[in-house]
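What's in my_file_36.tsv: TSV, C-alpha atoms
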chain	number	residue	atom	x	y	z
A	1	MET	CA	2.06	13.20	109.89
A	2	SER	CA	-1.43	13.57	108.40
A	3	GLN	CA	-2.33	14.47	104.85
A	4	PHE	CA	-2.34	18.29	105.08
A	5	GLY	CA	1.41	18.89	105.14
A	6	GLU	CA	2.18	16.18	102.60
A	7	GLU	CA	-0.42	17.45	100.13
A	8	LEU	CA	0.73	21.03	100.59
A	9	ARG	CA	4.32	20.03	99.83
A	10	ARG	CA	3.18	17.93	96.83
A	11	GLU	CA	1.28	20.92	95.40
A	12	ARG	CA	4.37	23.11	95.75
A	13	GLU	CA	6.75	20.53	94.27
A	14	SER	CA	4.41	19.68	91.38
A	15	ARG	CA	4.61	23.31	90.31
A	16	GLY	CA	8.39	23.37	90.69
A	17	ILE	CA	8.40	26.07	93.37
A	18	ALA	CA	11.16	26.05	95.97
A	19	LEU	CA	10.41	26.80	99.61
A	20	GLU	CA	12.88	29.70	99.39
A	21	SER	CA	10.80	31.26	96.60
A	22	ILE	CA	7.75	31.27	98.85
A	23	ARG	CA	9.86	32.71	101.67
A	24	ASP	CA	11.14	35.52	99.43
A	25	ALA	CA	7.72	36.30	97.94
A	26	THR	CA	5.81	36.30	101.23
A	27	LYS	CA	8.51	37.40	103.72
A	28	ILE	CA	7.39	34.49	105.93
A	29	SER	CA	10.15	32.82	107.90
A	30	GLY	CA	11.51	29.64	106.33
A	31	ARG	CA	11.18	27.79	109.62
A	32	HIS	CA	7.45	28.62	109.74
A	33	LEU	CA	6.97	27.39	106.18
A	34	LEU	CA	8.84	24.19	106.98
A	35	ALA	CA	6.84	23.74	110.19
A	36	LEU	CA	3.65	24.13	108.16
A	37	GLU	CA	4.67	21.42	105.68
A	38	GLU	CA	5.80	19.10	108.48
A	39	GLU	CA	2.67	19.85	110.52
A	40	ARG	CA	4.60	21.03	113.53
A	41	PHE	CA	1.85	23.50	114.35
A	42	ASP	CA	3.20	24.16	117.83
A	43	GLN	CA	6.13	25.99	116.18
A	44	LEU	CA	3.84	28.40	114.34
A	45	PRO	CA	3.12	31.83	115.86
A	46	GLY	CA	-0.57	31.07	116.47
A	47	GLY	CA	-3.89	32.84	116.05
A	48	VAL	CA	-4.79	34.51	112.80
A	49	ILE	CA	-1.12	34.70	111.83
A	50	ASN	CA	-1.23	30.98	111.07
A	51	LYS	CA	-4.07	31.59	108.62
A	52	GLY	CA	-2.04	34.37	107.04
A	53	ILE	CA	0.90	32.03	106.58
A	54	VAL	CA	-1.32	29.44	104.87
A	55	ARG	CA	-2.91	32.14	102.66
A	56	GLY	CA	0.47	33.50	101.60
A	57	TYR	CA	1.79	30.02	100.85
A	58	ALA	CA	-1.31	29.12	98.83
A	59	ARG	CA	-1.22	32.41	96.90
A	60	VAL	CA	2.38	31.90	95.79
A	61	VAL	CA	1.81	28.25	94.90
A	62	GLY	CA	-1.38	29.15	93.01
A	63	ILE	CA	-3.91	27.07	94.90
A	64	ASP	CA	-7.26	28.08	96.44
A	65	GLU	CA	-6.47	30.09	99.57
A	66	ASP	CA	-9.83	29.68	101.34
A	67	ALA	CA	-9.95	25.93	100.77
A	68	TRP	CA	-6.43	25.46	102.13
A	69	VAL	CA	-7.08	27.67	105.16
A	70	SER	CA	-10.13	25.54	105.90
A	71	ARG	CA	-8.07	22.35	105.51
A	72	PHE	CA	-5.37	23.83	107.74
A	73	MET	CA	-7.89	24.64	110.47
A	74	SER	CA	-9.25	21.09	110.35
A	75	ALA	CA	-5.75	19.59	110.51
A	76	TYR	CA	-4.69	22.02	113.25
A	77	GLN	CA	-7.70	21.32	115.44
A	78	GLY	CA	-7.35	17.56	114.90
A	79	SER	CA	-3.61	17.52	115.59
A	80	GLY	CA	-3.81	17.90	119.34
A	81	GLN	CA	-1.30	20.76	119.10
A	82	LEU	CA	-3.97	23.41	119.50
A	83	LYS	CA	-2.92	26.00	122.05
A	84	ASP	CA	-5.38	27.22	124.67
A	85	ASP	CA	-5.09	30.73	123.29
A	86	ASP	CA	-5.92	29.49	119.80
A	87	ALA	CA	-8.94	27.52	121.03
A	88	ASN	CA	-10.18	30.63	122.81
A	89	TRP	CA	-9.48	32.71	119.72
A	90	ILE	CA	-11.47	30.36	117.49
A	91	GLN	CA	-14.42	30.46	119.88
A	92	PHE	CA	-14.14	34.25	120.13
A	93	ALA	CA	-14.09	34.63	116.33
A	94	GLU	CA	-17.15	32.42	115.94
A	95	ASN	CA	-19.04	34.43	118.57
A	96	VAL	CA	-18.10	37.73	116.94
A	97	SER	CA	-19.26	36.43	113.59
A	98	LYS	CA	-22.64	35.37	114.99
A	99	SER	CA	-23.03	38.69	116.80
A	100	ARG	CA	-22.25	40.68	113.66
A	101	LEU	CA	-24.87	38.77	111.71
A	102	LYS	CA	-27.52	39.60	114.32
A	103	ASP	CA	-26.49	43.26	114.53
A	104	THR	CA	-26.42	43.60	110.75
A	105	SER	CA	-29.95	42.26	110.39
A	106	ARG	CA	-31.24	44.70	113.03
A	107	ALA	CA	-29.45	47.57	111.36
A	108	ASP	CA	-30.91	46.58	107.99
A	109	VAL	CA	-34.44	46.63	109.41
A	110	ARG	CA	-33.88	50.04	111.02
A	111	LEU	CA	-32.41	51.41	107.82
A	112	ARG	CA	-35.36	50.13	105.81
A	113	TRP	CA	-37.88	51.77	108.16
A	114	ALA	CA	-35.93	55.02	108.11
A	115	GLY	CA	-36.02	54.96	104.31
A	116	VAL	CA	-39.77	54.35	104.32
A	117	GLY	CA	-40.22	57.27	106.74
A	118	VAL	CA	-38.18	59.64	104.60
A	119	LEU	CA	-40.10	58.56	101.52
A	120	LEU	CA	-43.45	59.20	103.24
A	121	VAL	CA	-42.32	62.67	104.36
A	122	LEU	CA	-41.23	63.50	100.82
A	123	LEU	CA	-44.53	62.27	99.38
A	124	ALA	CA	-46.50	64.28	101.94
A	125	GLY	CA	-44.46	67.39	101.09
A	126	LEU	CA	-45.02	66.86	97.38
A	127	GLY	CA	-48.76	66.36	97.94
A	128	TRP	CA	-49.00	69.55	99.99
A	129	PHE	CA	-47.08	71.51	97.35
A	130	VAL	CA	-49.37	70.29	94.54
A	131	TRP	CA	-52.50	71.00	96.61
A	132	TYR	CA	-51.27	74.49	97.53
A	133	TYR	CA	-50.33	75.31	93.94
A	134	VAL	CA	-53.62	74.07	92.47
A	135	SER	CA	-55.83	75.72	95.12
A	136	ASN	CA	-54.13	79.13	94.70
A	137	LYS	CA	-54.37	78.94	90.93
A	138	THR	CA	-58.12	78.23	90.92
A	139	THR	CA	-58.98	80.95	93.47
A	140	ALA	CA	-57.09	83.58	91.54
A	141	GLY	CA	-59.09	82.89	88.40
A	142	ASN	CA	-58.08	84.47	85.11
A	143	ALA	CA	-57.82	88.06	86.39
A	144	ALA	CA	-54.57	89.66	87.24
A	145	PRO	CA	-54.17	90.53	90.92
A	146	GLY	CA	-55.37	94.03	91.84
A	147	LYS	CA	-57.46	94.58	88.70
A	148	SER	CA	-61.22	94.27	88.45
A	149	VAL	CA	-63.13	92.91	85.54
A	150	THR	CA	-66.31	94.70	84.39
A	151	THR	CA	-68.90	92.89	82.38
A	152	VAL	CA	-70.71	94.97	79.77
A	153	SER	CA	-73.57	93.62	77.74
A	154	ALA	CA	-73.41	93.73	73.97
A	155	GLU	CA	-76.74	95.59	73.79
A	156	ILE	CA	-75.38	98.57	75.71
A	157	LEU	CA	-72.33	98.71	73.51
A	158	TYR	CA	-74.47	98.62	70.37
A	159	HIS	CA	-76.78	101.35	71.60
A	160	ARG	CA	-73.91	103.68	72.47
A	161	SER	CA	-72.16	103.14	69.18
A	162	THR	CA	-75.25	104.06	67.11
A	163	SER	CA	-76.26	107.11	69.10
A	164	VAL	CA	-72.88	108.75	69.10
A	165	SER	CA	-72.60	111.51	66.58
A	166	LEU	CA	-69.36	112.11	64.90
A	167	PRO	CA	-68.16	115.63	64.30
A	168	SER	CA	-68.18	116.61	60.73
Rewritten as C-alpha coordinates:
Amino acid sequence: MSQFGEELRRERESRGIALESIRDATKISGRHLLALEEERFDQLPGGVINKGIVRGYARVVGIDEDAWVSRFMSAYQGSGQLKDDDANWIQFAENVSKSRLKDTSRADVRLRWAGVGVLLVLLAGLGWFVWYYVSNKTTAGNAAPGKSVTTVSAEILYHRSTSVSLPS
(Lines of atoms letter the chains of each structure in order from A and count residues from 1; the text may use other names and numbers.)
(Lines give C-alpha, C1' and ligand atoms only; values in the text may rest on other atoms or scores of the structure.)
Protein backbone atom coordinates (compact mmCIF):
# COMPACT_ATOMS: atom_id res chain seq x y z
CA MET A 1 0.00 0.00 0.00
CA SER A 2 1.45 3.41 -0.92
CA GLN A 3 1.02 6.66 0.94
CA PHE A 4 -2.22 7.94 -0.63
CA GLY A 5 -4.69 5.67 1.15
CA GLU A 6 -2.87 5.81 4.48
CA GLU A 7 -2.69 9.61 4.46
CA LEU A 8 -6.32 9.89 3.44
CA ARG A 9 -7.36 7.65 6.33
CA ARG A 10 -5.08 9.59 8.74
CA GLU A 11 -6.70 12.89 7.69
CA ARG A 12 -10.16 11.45 8.32
CA GLU A 13 -9.26 9.89 11.67
CA SER A 14 -7.42 13.00 12.89
CA ARG A 15 -10.65 14.93 12.48
CA GLY A 16 -12.66 12.22 14.23
CA ILE A 17 -14.87 11.46 11.23
CA ALA A 18 -16.20 7.94 10.78
CA LEU A 19 -16.32 6.33 7.35
CA GLU A 20 -20.09 5.93 7.81
CA SER A 21 -20.43 9.71 8.21
CA ILE A 22 -18.77 10.24 4.84
CA ARG A 23 -21.00 7.56 3.34
CA ASP A 24 -24.14 9.23 4.71
CA ALA A 25 -23.08 12.74 3.68
CA THR A 26 -21.97 11.84 0.15
CA LYS A 27 -24.22 8.85 -0.65
CA ILE A 28 -21.08 7.05 -1.87
CA SER A 29 -21.02 3.32 -1.24
CA GLY A 30 -19.07 2.27 1.84
CA ARG A 31 -17.20 -0.36 -0.15
CA HIS A 32 -15.97 2.32 -2.57
CA LEU A 33 -14.80 4.51 0.30
CA LEU A 34 -13.01 1.56 1.88
CA ALA A 35 -11.47 0.60 -1.47
CA LEU A 36 -10.22 4.17 -1.81
CA GLU A 37 -8.52 4.11 1.60
CA GLU A 38 -7.03 0.68 0.94
CA GLU A 39 -5.96 1.67 -2.57
CA ARG A 40 -7.88 -1.12 -4.22
CA PHE A 41 -8.52 1.07 -7.24
CA ASP A 42 -9.66 -1.85 -9.37
CA GLN A 43 -12.81 -2.02 -7.20
CA LEU A 44 -13.74 1.60 -7.94
CA PRO A 45 -16.23 2.36 -10.73
CA GLY A 46 -13.64 4.09 -12.92
CA GLY A 47 -13.44 7.21 -15.05
CA VAL A 48 -14.51 10.56 -13.70
CA ILE A 49 -16.61 8.85 -11.04
CA ASN A 50 -13.41 8.04 -9.17
CA LYS A 51 -12.54 11.73 -9.09
CA GLY A 52 -16.03 12.47 -7.80
CA ILE A 53 -15.58 9.97 -5.00
CA VAL A 54 -12.28 11.58 -3.98
CA ARG A 55 -13.82 15.08 -4.16
CA GLY A 56 -16.78 14.06 -2.01
CA TYR A 57 -14.53 12.38 0.54
CA ALA A 58 -12.22 15.41 0.71
CA ARG A 59 -15.14 17.85 1.01
CA VAL A 60 -16.62 16.01 4.00
CA VAL A 61 -13.24 15.61 5.69
CA GLY A 62 -12.41 19.28 5.05
CA ILE A 63 -9.26 18.92 2.99
CA ASP A 64 -8.32 20.49 -0.36
CA GLU A 65 -10.33 18.68 -3.03
CA ASP A 66 -8.17 19.57 -6.04
CA ALA A 67 -4.93 18.62 -4.31
CA TRP A 68 -6.32 15.24 -3.24
CA VAL A 69 -7.75 14.51 -6.70
CA SER A 70 -4.32 15.23 -8.13
CA ARG A 71 -2.69 12.95 -5.56
CA PHE A 72 -5.28 10.27 -6.31
CA MET A 73 -4.56 10.43 -10.04
CA SER A 74 -0.83 10.08 -9.39
CA ALA A 75 -1.36 7.11 -7.06
CA TYR A 76 -3.89 5.54 -9.44
CA GLN A 77 -1.64 5.82 -12.47
CA GLY A 78 1.36 4.53 -10.51
CA SER A 79 -0.53 1.61 -8.98
CA GLY A 80 -0.62 -0.58 -12.06
CA GLN A 81 -4.37 -1.00 -11.54
CA LEU A 82 -5.23 1.49 -14.27
CA LYS A 83 -7.89 0.09 -16.56
CA ASP A 84 -7.56 0.45 -20.33
CA ASP A 85 -10.75 2.48 -20.41
CA ASP A 86 -9.39 4.84 -17.77
CA ALA A 87 -6.09 5.28 -19.63
CA ASN A 88 -8.03 6.09 -22.79
CA TRP A 89 -10.28 8.43 -20.83
CA ILE A 90 -7.32 10.33 -19.37
CA GLN A 91 -5.78 10.73 -22.82
CA PHE A 92 -9.15 11.81 -24.24
CA ALA A 93 -9.64 14.40 -21.49
CA GLU A 94 -6.17 15.84 -22.06
CA ASN A 95 -6.80 16.11 -25.80
CA VAL A 96 -10.17 17.79 -25.27
CA SER A 97 -8.58 20.26 -22.88
CA LYS A 98 -5.87 21.17 -25.40
CA SER A 99 -8.43 21.48 -28.19
CA ARG A 100 -10.64 23.77 -26.13
CA LEU A 101 -7.72 26.05 -25.38
CA LYS A 102 -6.96 26.39 -29.10
CA ASP A 103 -10.60 26.95 -30.03
CA THR A 104 -11.06 29.50 -27.27
CA SER A 105 -8.09 31.56 -28.42
CA ARG A 106 -9.41 31.59 -32.01
CA ALA A 107 -12.86 32.58 -30.82
CA ASP A 108 -11.37 35.38 -28.72
CA VAL A 109 -9.51 36.78 -31.73
CA ARG A 110 -12.66 36.63 -33.88
CA LEU A 111 -14.71 38.28 -31.16
CA ARG A 112 -12.16 41.06 -30.79
CA TRP A 113 -12.15 41.78 -34.54
CA ALA A 114 -15.95 41.74 -34.62
CA GLY A 115 -15.98 44.27 -31.78
CA VAL A 116 -13.51 46.50 -33.61
CA GLY A 117 -15.68 46.30 -36.75
CA VAL A 118 -18.84 47.25 -34.88
CA LEU A 119 -17.02 50.13 -33.21
CA LEU A 120 -15.77 51.44 -36.57
CA VAL A 121 -19.27 51.26 -38.07
CA LEU A 122 -20.67 53.17 -35.10
CA LEU A 123 -17.96 55.82 -35.36
CA ALA A 124 -18.56 56.20 -39.10
CA GLY A 125 -22.30 56.57 -38.49
CA LEU A 126 -21.70 59.17 -35.80
CA GLY A 127 -19.30 61.07 -38.07
CA TRP A 128 -21.82 61.08 -40.91
CA PHE A 129 -24.59 62.29 -38.59
CA VAL A 130 -22.45 65.17 -37.27
CA TRP A 131 -21.36 66.14 -40.80
CA TYR A 132 -24.94 66.03 -42.09
CA TYR A 133 -26.26 68.07 -39.17
CA VAL A 134 -23.53 70.73 -39.40
CA SER A 135 -23.70 71.06 -43.21
CA ASN A 136 -27.51 71.49 -43.20
CA LYS A 137 -27.35 74.05 -40.43
CA THR A 138 -24.80 76.25 -42.21
CA THR A 139 -26.58 76.16 -45.59
CA ALA A 140 -29.87 77.17 -44.06
CA GLY A 141 -28.35 80.29 -42.53
CA ASN A 142 -30.35 82.36 -40.07
CA ALA A 143 -33.50 82.70 -42.20
CA ALA A 144 -36.53 80.61 -41.66
CA PRO A 145 -37.34 78.26 -44.54
CA GLY A 146 -39.68 79.75 -47.16
CA LYS A 147 -39.16 83.38 -46.13
CA SER A 148 -36.95 85.90 -47.88
CA VAL A 149 -34.90 88.56 -46.22
CA THR A 150 -34.81 92.06 -47.74
CA THR A 151 -31.99 94.41 -46.98
CA VAL A 152 -32.92 98.09 -46.75
CA SER A 153 -30.35 100.79 -46.29
CA ALA A 154 -30.66 103.19 -43.40
CA GLU A 155 -30.52 106.19 -45.75
CA ILE A 156 -33.70 105.16 -47.54
CA LEU A 157 -35.48 104.64 -44.28
CA TYR A 158 -34.41 108.07 -43.04
CA HIS A 159 -35.49 109.81 -46.22
CA ARG A 160 -38.94 108.22 -46.17
CA SER A 161 -39.51 109.03 -42.53
CA THR A 162 -38.76 112.75 -42.99
CA SER A 163 -40.76 113.25 -46.15
CA VAL A 164 -43.92 111.65 -44.91
CA SER A 165 -46.50 114.14 -43.85
CA LEU A 166 -48.77 113.34 -41.04
CA PRO A 167 -52.42 114.26 -41.21
CA SER A 168 -53.37 116.98 -38.89
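Nearest to Arg15 in chain A of all the residues A:Ile63, A:Leu34, A:Ala114, A:Val109 is A:Ile63, based on only C-alpha atoms.
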Original post:
At most 8 Å from (-7.4, 30.2, 101.2), file frame, all atoms listed in the file: which residues, as an MDAnalysis selection string?
Top reply: chainID A and resid 54:55 58:59 63:70
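Closest approach to Phe4 in chain A among A:Gly46, A:Gly125, A:Gly78, A:Gly115: A:Gly78, based on all atoms listed in the file.
The space between CA of Leu33 in chain A and CA of Glu11 in chain A spans 13.8 Å.
The residue that comes closest to Ala25 in chain A, out of A:Leu8, A:Met73, A:Val60, A:Leu44 and on the basis of all atoms listed in the file, is A:Val60.
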**OP:** To one decimal in Å, tell me the separation between CA of Glu20 in chain A and CA of Leu36 in chain A.
**Re:** 13.9 Å
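Interatomic distance, CA of Asp24 in chain A against CA of Gly5 in chain A: 20.1 Å.
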**OP:** Return the single residue from A:Leu126, A:Ile53, A:Gln77, A:Trp113 that is closest to Thr26 in chain A, with distances computed using all atoms listed in the file.
**Re:** A:Ile53
Original post:
So which one's closest to Ile49 in chain A, A:Ala35, A:Arg23, A:Trp131, A:Ile28? Using only C-alpha atoms, please.
Top reply: A:Ile28
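A search radius of 12 Å centred on (-2.9, 14.0, 108.2), applied to only C-alpha atoms, returns the residues Met1, Ser2, Gln3, Phe4, Gly5, Glu6, Glu7, Leu8, Glu37, Glu38, Glu39, Arg40, Arg71, Phe72, Met73, Ser74, Ala75, Tyr76, Gln77, Gly78, Ser79 and Gly80 of chain A.
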